[in-house]
Amino acid sequence: MYCPYCGHHDSKVIDSRNINESIRRRRQCLSCGSRFTTHERLQSASLFIIKKDKRREGFSRDKLLTGIRKACEKRPLPTGAVDKLVDDLEAELYQLGKVEIPSETVGDMVMEGLKNLDHIAYLRFASVYREFADISDLKQEVDTLVGSKVSAPRPIGQLPLLPNNRSGRLARSRRRRRR
Ligand SMILES: [Zn+2]
């Protein structure tokens with residue numbers, strides 16, 4: 001924070017106040033003694049995700065965490081692995097240095113992160129995110145995974161490949177057809 005009067009790089013904070021999602025600070029230059037005000041926005045308020053329908057939405061770490069948790073449900077992952085992935089992704093997003101990021105970019109980053117973490121979680125996320133049109137798309141994705149040299153923990157037991165809401169929707173549409 002440079003002094004607007006003399007350009008000195010150091011100042012002290014003499015007053016600090018939270019206003020909505022920003023912090024208003026009264027500062028005093030350590031060189032010339034001039035006082036000036038800064039408004040600092042919190043990081044979470046300065047990053048926006050552009051959805052497929054062009055809607056603009058403030059970046060939410062919680063939302064990212066929820067989506068990834070859902071994909072990783074009941075997977076044998078080490079404690080803290082999901083939180084670490086979300087931390088890494090969040091840092092990576094801010095490091096892009098952009099105010100707006102397309103949701104596709106975020107989705108691709110999540111896919112990349114999950115691919116290295118757990119193949120089943122990756123496929124679950126991919127099936128929702130990429131909206132596999134049919135089983136051959138899914139098979140192609142699985143073949144790509146099997147072909148890659150990435151090692152992931154082997155699946156334990158029989159867990160549903162698709163998250164609950166998906167299989168639920170399929171079951172509902174099947175019921176409807178039977179009527
Ligand atoms: Zn100054």
# chains A, B, ... in the order shown; residues from 1 in each chain; ligands from 1

$ residues_near_ligand --ligand "ligand 1" --cutoff "10 Å" --atoms "only C-alpha atoms and all ligand atoms" --output "list in words"
Tyr2, Cys3, Pro4, Tyr5, Cys6, Gly7, His8, His9, Asp10, Ser11, Gln28, Cys29, Leu30, Ser31, Cys32, Gly33, Ser34, Arg35 and Phe36 of chain A

$ write_last_selection --atoms "N, CA and C atoms" --output "mmCIF file, in the first residue's frame"
data_model
loop_
_atom_site.group_PDB
_atom_site.id
_atom_site.type_symbol
_atom_site.label_atom_id
_atom_site.label_comp_id
_atom_site.auth_asym_id
_atom_site.auth_seq_id
_atom_site.Cartn_x
_atom_site.Cartn_y
_atom_site.Cartn_z
ATOM 1 N N TYR A 2 0.944 1.937 -1.144
ATOM 2 C CA TYR A 2 1.812 3.112 -1.244
ATOM 3 C C TYR A 2 1.057 4.376 -0.821
ATOM 4 N N CYS A 3 1.761 5.273 -0.172
ATOM 5 C CA CYS A 3 1.170 6.551 0.230
ATOM 6 C C CYS A 3 0.806 7.361 -1.021
ATOM 7 N N PRO A 4 -0.445 7.861 -1.106
ATOM 8 C CA PRO A 4 -0.854 8.613 -2.301
ATOM 9 C C PRO A 4 -0.200 9.998 -2.363
ATOM 10 N N TYR A 5 0.414 10.427 -1.286
ATOM 11 C CA TYR A 5 1.011 11.770 -1.262
ATOM 12 C C TYR A 5 2.499 11.746 -1.596
ATOM 13 N N CYS A 6 3.230 10.801 -0.960
ATOM 14 C CA CYS A 6 4.680 10.805 -1.186
ATOM 15 C C CYS A 6 5.188 9.497 -1.815
ATOM 16 N N GLY A 7 4.313 8.495 -1.904
ATOM 17 C CA GLY A 7 4.715 7.242 -2.546
ATOM 18 C C GLY A 7 5.474 6.271 -1.639
ATOM 19 N N HIS A 8 5.589 6.620 -0.374
ATOM 20 C CA HIS A 8 6.281 5.725 0.564
ATOM 21 C C HIS A 8 5.511 4.397 0.687
ATOM 22 N N HIS A 9 6.259 3.300 0.857
ATOM 23 C CA HIS A 9 5.624 1.982 0.794
ATOM 24 C C HIS A 9 5.059 1.496 2.128
ATOM 25 N N ASP A 10 5.295 2.232 3.179
ATOM 26 C CA ASP A 10 4.866 1.715 4.484
ATOM 27 C C ASP A 10 3.929 2.685 5.205
ATOM 28 N N SER A 11 2.882 2.103 5.794
ATOM 29 C CA SER A 11 1.939 2.933 6.544
ATOM 30 C C SER A 11 1.444 2.135 7.733
ATOM 31 N N GLN A 28 -1.913 5.856 8.140
ATOM 32 C CA GLN A 28 -1.036 7.020 8.224
ATOM 33 C C GLN A 28 0.328 6.644 7.671
ATOM 34 N N CYS A 29 0.782 7.466 6.732
ATOM 35 C CA CYS A 29 2.078 7.217 6.103
ATOM 36 C C CYS A 29 3.193 7.334 7.142
ATOM 37 N N LEU A 30 4.119 6.391 7.135
ATOM 38 C CA LEU A 30 5.210 6.405 8.109
ATOM 39 C C LEU A 30 6.307 7.380 7.712
ATOM 40 N N SER A 31 6.231 7.899 6.474
ATOM 41 C CA SER A 31 7.259 8.838 6.033
ATOM 42 C C SER A 31 6.806 10.292 6.178
ATOM 43 N N CYS A 32 5.651 10.648 5.549
ATOM 44 C CA CYS A 32 5.221 12.057 5.570
ATOM 45 C C CYS A 32 4.100 12.319 6.566
ATOM 46 N N GLY A 33 3.537 11.265 7.145
ATOM 47 C CA GLY A 33 2.501 11.431 8.158
ATOM 48 C C GLY A 33 1.109 11.701 7.616
ATOM 49 N N SER A 34 0.953 11.724 6.282
ATOM 50 C CA SER A 34 -0.373 11.949 5.699
ATOM 51 C C SER A 34 -1.308 10.800 6.033
ATOM 52 N N ARG A 35 -2.589 11.162 6.151
ATOM 53 C CA ARG A 35 -3.591 10.128 6.414
ATOM 54 C C ARG A 35 -4.402 9.862 5.161
ATOM 55 N N PHE A 36 -4.696 8.602 4.914
ATOM 56 C CA PHE A 36 -5.523 8.240 3.756
ATOM 57 C C PHE A 36 -6.357 7.006 4.087
#

$ select_by_dssp --residues "segment 16-126 of chain A" --states "alpha helix (DSSP H)" --output "PyMOL selection string"
chain A and resi 61-71+81-95+103-117+119-126

$ atom_distance --atom1 "atom CA of Gly67 of chain A" --atom2 "atom CA of Val110 of chain A"
9.5 Å

$ closest_residue --among "A:Glu57, A:Tyr122, A:Lys115, A:Ile49" --to "Leu93 of chain A" --atoms "only C-alpha atoms"
A:Ile49

$ residues_around --residues "Asp88 of chain A" --least-positions-apart "3" --cutoff "12 Å" --atoms "only C-alpha atoms" --output "JSON, numbers by chain"
{"A": [61, 64, 65, 81, 82, 83, 84, 85, 91, 92, 93, 94, 95, 109, 110, 112, 113, 114]}

$ decode --residues "segment 92-113 of chain A" --atoms "N, CA, C and O atoms" --output "PDB file, in the first residue's frame"
ATOM      1  N   GLU A  92      -5.389 -22.154  -6.412  1.00  0.00           N
ATOM      2  CA  GLU A  92      -5.119 -22.169  -7.849  1.00  0.00           C
ATOM      3  C   GLU A  92      -6.023 -21.170  -8.586  1.00  0.00           C
ATOM      4  O   GLU A  92      -5.580 -20.453  -9.478  1.00  0.00           O
ATOM      5  N   LEU A  93      -7.300 -21.128  -8.176  1.00  0.00           N
ATOM      6  CA  LEU A  93      -8.260 -20.218  -8.799  1.00  0.00           C
ATOM      7  C   LEU A  93      -7.847 -18.760  -8.593  1.00  0.00           C
ATOM      8  O   LEU A  93      -7.878 -17.961  -9.520  1.00  0.00           O
ATOM      9  N   TYR A  94      -7.441 -18.422  -7.356  1.00  0.00           N
ATOM     10  CA  TYR A  94      -7.037 -17.044  -7.087  1.00  0.00           C
ATOM     11  C   TYR A  94      -5.731 -16.706  -7.792  1.00  0.00           C
ATOM     12  O   TYR A  94      -5.507 -15.572  -8.202  1.00  0.00           O
ATOM     13  N   GLN A  95      -4.877 -17.740  -7.947  1.00  0.00           N
ATOM     14  CA  GLN A  95      -3.603 -17.496  -8.621  1.00  0.00           C
ATOM     15  C   GLN A  95      -3.777 -17.196 -10.107  1.00  0.00           C
ATOM     16  O   GLN A  95      -2.880 -16.655 -10.744  1.00  0.00           O
ATOM     17  N   LEU A  96      -4.918 -17.558 -10.658  1.00  0.00           N
ATOM     18  CA  LEU A  96      -5.174 -17.229 -12.056  1.00  0.00           C
ATOM     19  C   LEU A  96      -5.221 -15.710 -12.238  1.00  0.00           C
ATOM     20  O   LEU A  96      -5.042 -15.197 -13.342  1.00  0.00           O
ATOM     21  N   GLY A  97      -5.485 -15.006 -11.123  1.00  0.00           N
ATOM     22  CA  GLY A  97      -5.472 -13.553 -11.146  1.00  0.00           C
ATOM     23  C   GLY A  97      -6.596 -12.933 -11.953  1.00  0.00           C
ATOM     24  O   GLY A  97      -6.455 -11.844 -12.474  1.00  0.00           O
ATOM     25  N   LYS A  98      -7.704 -13.674 -12.072  1.00  0.00           N
ATOM     26  CA  LYS A  98      -8.839 -13.148 -12.832  1.00  0.00           C
ATOM     27  C   LYS A  98     -10.010 -12.861 -11.906  1.00  0.00           C
ATOM     28  O   LYS A  98     -10.127 -13.462 -10.848  1.00  0.00           O
ATOM     29  N   VAL A  99     -10.857 -11.946 -12.315  1.00  0.00           N
ATOM     30  CA  VAL A  99     -12.028 -11.611 -11.515  1.00  0.00           C
ATOM     31  C   VAL A  99     -13.164 -12.584 -11.854  1.00  0.00           C
ATOM     32  O   VAL A  99     -13.941 -12.980 -11.009  1.00  0.00           O
ATOM     33  N   GLU A 100     -13.224 -12.977 -13.131  1.00  0.00           N
ATOM     34  CA  GLU A 100     -14.278 -13.893 -13.583  1.00  0.00           C
ATOM     35  C   GLU A 100     -13.655 -15.152 -14.165  1.00  0.00           C
ATOM     36  O   GLU A 100     -12.730 -15.086 -14.966  1.00  0.00           O
ATOM     37  N   ILE A 101     -14.206 -16.284 -13.755  1.00  0.00           N
ATOM     38  CA  ILE A 101     -13.702 -17.563 -14.250  1.00  0.00           C
ATOM     39  C   ILE A 101     -14.884 -18.399 -14.722  1.00  0.00           C
ATOM     40  O   ILE A 101     -15.864 -18.551 -13.992  1.00  0.00           O
ATOM     41  N   PRO A 102     -14.819 -18.943 -15.940  1.00  0.00           N
ATOM     42  CA  PRO A 102     -15.927 -19.777 -16.423  1.00  0.00           C
ATOM     43  C   PRO A 102     -16.054 -21.042 -15.574  1.00  0.00           C
ATOM     44  O   PRO A 102     -15.036 -21.601 -15.145  1.00  0.00           O
ATOM     45  N   SER A 103     -17.289 -21.481 -15.351  1.00  0.00           N
ATOM     46  CA  SER A 103     -17.501 -22.670 -14.520  1.00  0.00           C
ATOM     47  C   SER A 103     -16.824 -23.900 -15.142  1.00  0.00           C
ATOM     48  O   SER A 103     -16.427 -24.817 -14.430  1.00  0.00           O
ATOM     49  N   GLU A 104     -16.678 -23.899 -16.476  1.00  0.00           N
ATOM     50  CA  GLU A 104     -15.998 -25.018 -17.144  1.00  0.00           C
ATOM     51  C   GLU A 104     -14.558 -25.155 -16.644  1.00  0.00           C
ATOM     52  O   GLU A 104     -14.073 -26.270 -16.439  1.00  0.00           O
ATOM     53  N   THR A 105     -13.893 -24.008 -16.464  1.00  0.00           N
ATOM     54  CA  THR A 105     -12.503 -24.033 -15.996  1.00  0.00           C
ATOM     55  C   THR A 105     -12.428 -24.658 -14.611  1.00  0.00           C
ATOM     56  O   THR A 105     -11.570 -25.508 -14.344  1.00  0.00           O
ATOM     57  N   VAL A 106     -13.365 -24.258 -13.742  1.00  0.00           N
ATOM     58  CA  VAL A 106     -13.394 -24.810 -12.389  1.00  0.00           C
ATOM     59  C   VAL A 106     -13.651 -26.318 -12.458  1.00  0.00           C
ATOM     60  O   VAL A 106     -12.969 -27.112 -11.804  1.00  0.00           O
ATOM     61  N   GLY A 107     -14.633 -26.701 -13.295  1.00  0.00           N
ATOM     62  CA  GLY A 107     -14.969 -28.113 -13.442  1.00  0.00           C
ATOM     63  C   GLY A 107     -13.781 -28.934 -13.916  1.00  0.00           C
ATOM     64  O   GLY A 107     -13.512 -30.015 -13.395  1.00  0.00           O
ATOM     65  N   ASP A 108     -13.053 -28.404 -14.894  1.00  0.00           N
ATOM     66  CA  ASP A 108     -11.884 -29.109 -15.416  1.00  0.00           C
ATOM     67  C   ASP A 108     -10.812 -29.269 -14.336  1.00  0.00           C
ATOM     68  O   ASP A 108     -10.163 -30.310 -14.240  1.00  0.00           O
ATOM     69  N   MET A 109     -10.650 -28.237 -13.515  1.00  0.00           N
ATOM     70  CA  MET A 109      -9.655 -28.297 -12.444  1.00  0.00           C
ATOM     71  C   MET A 109     -10.053 -29.327 -11.395  1.00  0.00           C
ATOM     72  O   MET A 109      -9.203 -30.060 -10.874  1.00  0.00           O
ATOM     73  N   VAL A 110     -11.352 -29.388 -11.089  1.00  0.00           N
ATOM     74  CA  VAL A 110     -11.836 -30.385 -10.126  1.00  0.00           C
ATOM     75  C   VAL A 110     -11.590 -31.792 -10.679  1.00  0.00           C
ATOM     76  O   VAL A 110     -11.099 -32.677  -9.974  1.00  0.00           O
ATOM     77  N   MET A 111     -11.908 -31.973 -11.962  1.00  0.00           N
ATOM     78  CA  MET A 111     -11.723 -33.286 -12.608  1.00  0.00           C
ATOM     79  C   MET A 111     -10.263 -33.720 -12.520  1.00  0.00           C
ATOM     80  O   MET A 111      -9.958 -34.874 -12.219  1.00  0.00           O
ATOM     81  N   GLU A 112      -9.380 -32.778 -12.818  1.00  0.00           N
ATOM     82  CA  GLU A 112      -7.946 -33.068 -12.794  1.00  0.00           C
ATOM     83  C   GLU A 112      -7.509 -33.471 -11.382  1.00  0.00           C
ATOM     84  O   GLU A 112      -6.766 -34.434 -11.206  1.00  0.00           O
ATOM     85  N   GLY A 113      -8.022 -32.734 -10.392  1.00  0.00           N
ATOM     86  CA  GLY A 113      -7.676 -33.021  -9.006  1.00  0.00           C
ATOM     87  C   GLY A 113      -8.208 -34.374  -8.551  1.00  0.00           C
ATOM     88  O   GLY A 113      -7.510 -35.144  -7.897  1.00  0.00           O
TER      89      GLY A 113
END
